[in-house]
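Contents: one structure, followed by commentary.
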Amino acid sequence: MTMQPQSLYHRWRKIKSTLMSVTALLCALLVIAPLGLVLGYLIHAGAGAINWDFFTQLPKPVGEVGGGMANAIVGTLTLLGLACAIGVPVGVLGGVYLSEYGSEKSNWWIRFGADVLNGVPSIAWGIVAYALVVVRMKTFSAYAGGVALGFMMIPLIMRTTEEVLLLVPNGYREAALALGISRWKMICQIVMKTAFKGIVTGVLLAAARIAGETAPLLFTAFGNRFWTHDLSQPIAALPLQVFVYAISPYDDWHRQAWAGALVLILMVLFINLIVRFITRGRFAGAGR
Amino acid sequence: MTSELLEPKAPSQAGVPVGKGLTPMENATASRPVEPPARADEVAFHVEHLNGWFGQHQALFDVSLQIPARKVTAIIGPSGCGKSTFLRTLNRMHELVRGARLDCQIRLFGDDVYGPRVDPTLVRRRVGMVFQKSNPFPTMTIEENTVVGLRLNGVRDRRLLRERMEQSLRMAALWDEVKDRLDKPGISLSGGQQQRLCIARALAVQPEVLLMDEPASALDPIATMKIEELIQELKRDYTIVIVTHNMQQAARCSDYTAFFYMGKLIEYDKTEKMFTNPTHKQTEDYVTGRFG
């Protein structure tokens with residue numbers, strides 16, 4: 001056999017190889033293209049409406065130009081906080097159970113349940129929170145929105161926590177137990193600390209995932225055109241405000257909707273950048 | 001419990017369990033240096049009729065032996081012969097493996113290790129362990145790694161922690177190499193240093209026995225030599241049980257040697273006799289390198 005690929009067969013093989021790598025590259029570009037398009041268009045349409053007022057002012061009444069979404073931005077952060085208050089402890093401890101305690105059989109069912117929950121349409125979470133909180137409190141409220149978003153976070157955080165805990169080598173667990181350290185201290189002080197960055201990453205990714213959710217808030221947080229000082233009252237949220245403004249007939253509101261969407265996506269981008277930052281470096285999990 | 005662990009005046013309380021089977025003993029931990037020398041024939045572990053399983057698979061068959069105090073006992077045998085499993089029954093690490101079972105009578109200085117009300121964590125405080133792969137906790141500095149066993153058992157006194165750290169690192173022959181960088185991560189050390197750090201970490205809780213599961217098998221010859229020298233130092237105060245694949249190592253550093261084969265204890269005797277004039281044919285074949 002000659003070493004020079006002269007034959008038709010060899011040339012055909014080379015063409016196929018090139019074709020394949022070019023197709024793969026195109027698909028890879030297609031994956032990130034939407035991000036570029038979305039960001040580009042949002043900046044084009046929304047950047048103009050972003051100014052100091054946007055971050056500091058309440059929405060103006062219909063007909064008046066100007067105003068901002070300060071209450072919606074704070075509202076979204078409040079809802080994220082409430083959601084984390086529910087989702088983080090339950091999700092993280094659930095992940096600890098799966099990784100450290102559960103038997104194979106129970107774990108199978110819990111994982112299966114979590115995966116199903118991950119696929120539940122977000123509007124369904126809204127209905128759950130409506131039935132659990134809104135109906136009982138007889139009012140839309142920040143709590144209800146937080147419950148809906150928090151429930152969505154639980155399976156996300158649980159699975160990522162489990163995965164990062166399982167990455168902690170068993171040798172550390174055995175070493176800790178062999179020192180006469182009790183099991184729960186071993187889990188809290190050794191295993192979870194070793195996997196701390198991973199757990200935080202999972203929490204942040206879950207927060208980024210739910211930050212832009214609109215459907216679960218429609219009939220829980222409900223939205224509010226004013227400041228909310230009472231969490232048992234309806235509260236504004238960026239995605240809700242964007243939704244309301246986008247389907248309105250006013251040009252000024254449309255501009256603000258674009259700006260709101262831009263701020264929302266920049267928030268998510270920012271969270272993802274933090275995640276990138278955390279997952280660099282190695283000795284950052286050290287707790288003092 | 002925790003405050004007792006700390007009492008420098010009454011260190012014999014260290015790690016003394018509350019369980020029924022284990023009661024305070026004369027010769028506990030730190031009081032050792034001020035006690036009269038132990039009798040030469042004192043026994044650390046009485047092991048009787050030890051049978052061990054992983055699920056349906058029986059890994060140990062009716063092992064009975066006595067491990068002398070303040071001596072080095074080597075466990076040798078081919079891979080899969082149950083030597084590590086045997087070692088892990090001595091500090092109740094065996095039962096952590098899913099599906100692992102055990103039927104035995106083990107006493108540590110007269111106290112029942114597997115008594116119904118014995119807390120395994122308290123057994124493990126008296127019986128320290130060093131693993132094949134060095135495993136300093138990656139989130140902790142050298143200092144934190146050394147005293148983690150004390151800290152997580154409730155010791156807060158900084159002065160005591162500091163003292164114990166220096167003492168343990170000195171005993172592990174590591175102090176001079178790390179004293180200027182105690183705040184560096186434990187995993188920044190070399191492999192041999194990491195293993196000595198793990199030994200220091202085990203010593204800091206002042207156990208009575210130190211179990212070593214092939215502690216030098218991942219180390220280069222010089223680091224191995226240091227560990228072996230260390231073992232000679234430590235046996236003045238500690239009972240040491242070492243599992244090793246390396247027969248030269250067993251011959252060099254142990255006083256007694258047990259030969260395991262297929263989950264059975266084939267022969268157990270003074271190391272010198274085991275390597276020069278073993279009673280059993282299988283032992284002779286193994287120590288002369290004819291199989292295994």
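Going by the structure tokens order, chains are called A, B, ..., each with residues numbered from 1, while ligands are numbered from 1 in the order shown.
Within 8 Å of region 194-203 of chain B, once only C-alpha atoms are used and residues closer than 6 positions along the same chain are dropped, the contacting residues are Leu179 of chain A; Gly128, Met129, Val130, Lys133, Ser134, Asn135, Pro136, Ile142, Asn145, Thr146, Val147, Val148, Gly149, Ser168, Leu169, Met171, Ala172, Ala173, Leu174, Gly186, Ile187, Leu210, Pro215 and Ile227 of chain B.
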For chain A against chain B, with a cut-off of 12 Å and counting only C-alpha atoms, what is the closest atom pair and its distance in Å to one decimal for every residue that makes the cut, ordered by chain and number, as a Markdown table?
| residue | atom | partner | partner_atom | distance |
| --- | --- | --- | --- | --- |
| A:Glu100 | CA | B:Leu96 | CA | 11.6 |
| A:Tyr101 | CA | B:Arg98 | CA | 11.0 |
| A:Gly102 | CA | B:Arg98 | CA | 11.2 |
| A:Ser103 | CA | B:Arg98 | CA | 9.2 |
| A:Glu104 | CA | B:Arg98 | CA | 10.1 |
| A:Val168 | CA | B:Pro138 | CA | 10.2 |
| A:Pro169 | CA | B:Asn135 | CA | 9.3 |
| A:Asn170 | CA | B:Asn135 | CA | 9.9 |
| A:Gly171 | CA | B:Asn135 | CA | 6.5 |
| A:Tyr172 | CA | B:Asn135 | CA | 6.3 |
| A:Arg173 | CA | B:Phe137 | CA | 9.7 |
| A:Glu174 | CA | B:Met93 | CA | 7.8 |
| A:Ala175 | CA | B:Asn135 | CA | 7.2 |
| A:Ala176 | CA | B:Gly149 | CA | 7.5 |
| A:Leu177 | CA | B:Thr121 | CA | 7.0 |
| A:Ala178 | CA | B:Arg124 | CA | 5.4 |
| A:Leu179 | CA | B:Gly149 | CA | 5.5 |
| A:Gly180 | CA | B:Thr121 | CA | 4.4 |
| A:Ile181 | CA | B:Thr121 | CA | 6.3 |
| A:Ser182 | CA | B:Thr121 | CA | 6.1 |
| A:Arg183 | CA | B:Thr121 | CA | 8.6 |
| A:Trp184 | CA | B:Leu152 | CA | 10.6 |
| A:Lys185 | CA | B:Leu152 | CA | 7.0 |
| A:Met186 | CA | B:Leu152 | CA | 8.4 |
| A:Ile187 | CA | B:Leu152 | CA | 11.4 |
| A:Cys188 | CA | B:Leu152 | CA | 10.3 |
| A:Gln189 | CA | B:Leu152 | CA | 8.0 |
| A:Ile190 | CA | B:Phe137 | CA | 7.3 |
| A:Val191 | CA | B:Phe137 | CA | 9.3 |
| A:Met192 | CA | B:Thr139 | CA | 10.3 |
| A:Lys193 | CA | B:Thr139 | CA | 7.0 |
| A:Thr194 | CA | B:Thr139 | CA | 5.9 |
| A:Ala195 | CA | B:Thr139 | CA | 9.3 |
| A:Phe196 | CA | B:Thr139 | CA | 9.5 |
| A:Lys197 | CA | B:Thr139 | CA | 10.8 |
| A:Arg282 | CA | B:Pro138 | CA | 9.0 |
| A:Phe283 | CA | B:Thr139 | CA | 6.4 |
| A:Ala284 | CA | B:Thr139 | CA | 7.7 |
| A:Gly285 | CA | B:Thr139 | CA | 5.7 |
| A:Ala286 | CA | B:Thr139 | CA | 4.3 |
| A:Gly287 | CA | B:Thr139 | CA | 7.2 |
| A:Arg288 | CA | B:Met140 | CA | 8.9 |
Residue neighbourhood Asp255 (chain B), 7 Å, only C-alpha atoms, exclusion window fewer than 3 positions, as a ChimeraX atom specification: /B:71-73,270-271
File dump, residues just selected, all heavy atoms, as a PDB file, in the first residue's frame:
ATOM      1  N   LYS B  71       3.944  -2.607  69.507  1.00  0.00           N
ATOM      2  CA  LYS B  71       4.783  -3.329  68.555  1.00  0.00           C
ATOM      3  C   LYS B  71       4.240  -3.038  67.171  1.00  0.00           C
ATOM      4  O   LYS B  71       3.113  -2.559  67.031  1.00  0.00           O
ATOM      5  CB  LYS B  71       4.700  -4.851  68.808  1.00  0.00           C
ATOM      6  CG  LYS B  71       5.296  -5.296  70.115  1.00  0.00           C
ATOM      7  CD  LYS B  71       6.764  -5.610  69.940  1.00  0.00           C
ATOM      8  CE  LYS B  71       7.355  -6.205  71.205  1.00  0.00           C
ATOM      9  NZ  LYS B  71       7.524  -5.213  72.284  1.00  0.00           N
ATOM     10  N   VAL B  72       5.040  -3.358  66.169  1.00  0.00           N
ATOM     11  CA  VAL B  72       4.552  -3.210  64.802  1.00  0.00           C
ATOM     12  C   VAL B  72       4.157  -4.588  64.293  1.00  0.00           C
ATOM     13  O   VAL B  72       4.964  -5.512  64.319  1.00  0.00           O
ATOM     14  CB  VAL B  72       5.630  -2.602  63.885  1.00  0.00           C
ATOM     15  CG1 VAL B  72       5.110  -2.488  62.466  1.00  0.00           C
ATOM     16  CG2 VAL B  72       6.058  -1.241  64.410  1.00  0.00           C
ATOM     17  N   THR B  73       2.909  -4.697  63.895  1.00  0.00           N
ATOM     18  CA  THR B  73       2.439  -5.958  63.337  1.00  0.00           C
ATOM     19  C   THR B  73       2.156  -5.742  61.853  1.00  0.00           C
ATOM     20  O   THR B  73       1.392  -4.840  61.504  1.00  0.00           O
ATOM     21  CB  THR B  73       1.161  -6.427  64.051  1.00  0.00           C
ATOM     22  OG1 THR B  73       1.452  -6.535  65.441  1.00  0.00           O
ATOM     23  CG2 THR B  73       0.698  -7.765  63.503  1.00  0.00           C
ATOM     24  N   LYS B 270       6.458 -14.195  65.084  1.00  0.00           N
ATOM     25  CA  LYS B 270       7.488 -13.158  65.047  1.00  0.00           C
ATOM     26  C   LYS B 270       7.979 -13.001  63.613  1.00  0.00           C
ATOM     27  O   LYS B 270       8.141 -13.980  62.882  1.00  0.00           O
ATOM     28  CB  LYS B 270       8.660 -13.575  65.942  1.00  0.00           C
ATOM     29  CG  LYS B 270       8.341 -13.502  67.422  1.00  0.00           C
ATOM     30  CD  LYS B 270       9.560 -12.989  68.170  1.00  0.00           C
ATOM     31  CE  LYS B 270       9.191 -12.445  69.534  1.00  0.00           C
ATOM     32  NZ  LYS B 270       9.170 -13.467  70.586  1.00  0.00           N
ATOM     33  N   THR B 271       8.232 -11.763  63.218  1.00  0.00           N
ATOM     34  CA  THR B 271       8.608 -11.489  61.834  1.00  0.00           C
ATOM     35  C   THR B 271       9.843 -12.297  61.424  1.00  0.00           C
ATOM     36  O   THR B 271       9.899 -12.876  60.340  1.00  0.00           O
ATOM     37  CB  THR B 271       8.892  -9.990  61.658  1.00  0.00           C
ATOM     38  OG1 THR B 271       7.693  -9.287  61.925  1.00  0.00           O
ATOM     39  CG2 THR B 271       9.368  -9.688  60.254  1.00  0.00           C
TER      40      THR B 271
END
Among region 4-230 of chain A, which residues carry a DSSP assignment of helix (DSSP H, G or I), reported as number ranges by chain? A: 8-49, 52-56, 70-101, 104-118, 122-137, 142-166, 170-178, 183-194, 196-211, 215-217
Just give me the gap between CA of Arg107 (chain B) and CA of Gln58 (chain B) in Å, one decimal is fine. 21.9 Å
Pick from A:Leu240, A:Val164, A:Val120, A:Leu77: nearest to Ala215 (chain A), with only C-alpha atoms counted?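 The closest residue to Ala215 (chain A) is A:Leu240.
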Write out as number ranges by chain each polymer residue whose atoms come within 9 Å of Leu39 (chain A), counting only C-alpha atoms; drop sequence neighbours fewer than 6 positions from it. A: 262, 265-266
Tell me, as a PyMOL selection string, which residues lie within 12 Å of Gly75 (chain A), counting only C-alpha atoms; anything in the same chain fewer than 3 positions away does not count. chain A and resi 58+69-72+78-82+141-143+145-146+211+217+221-231+233-241
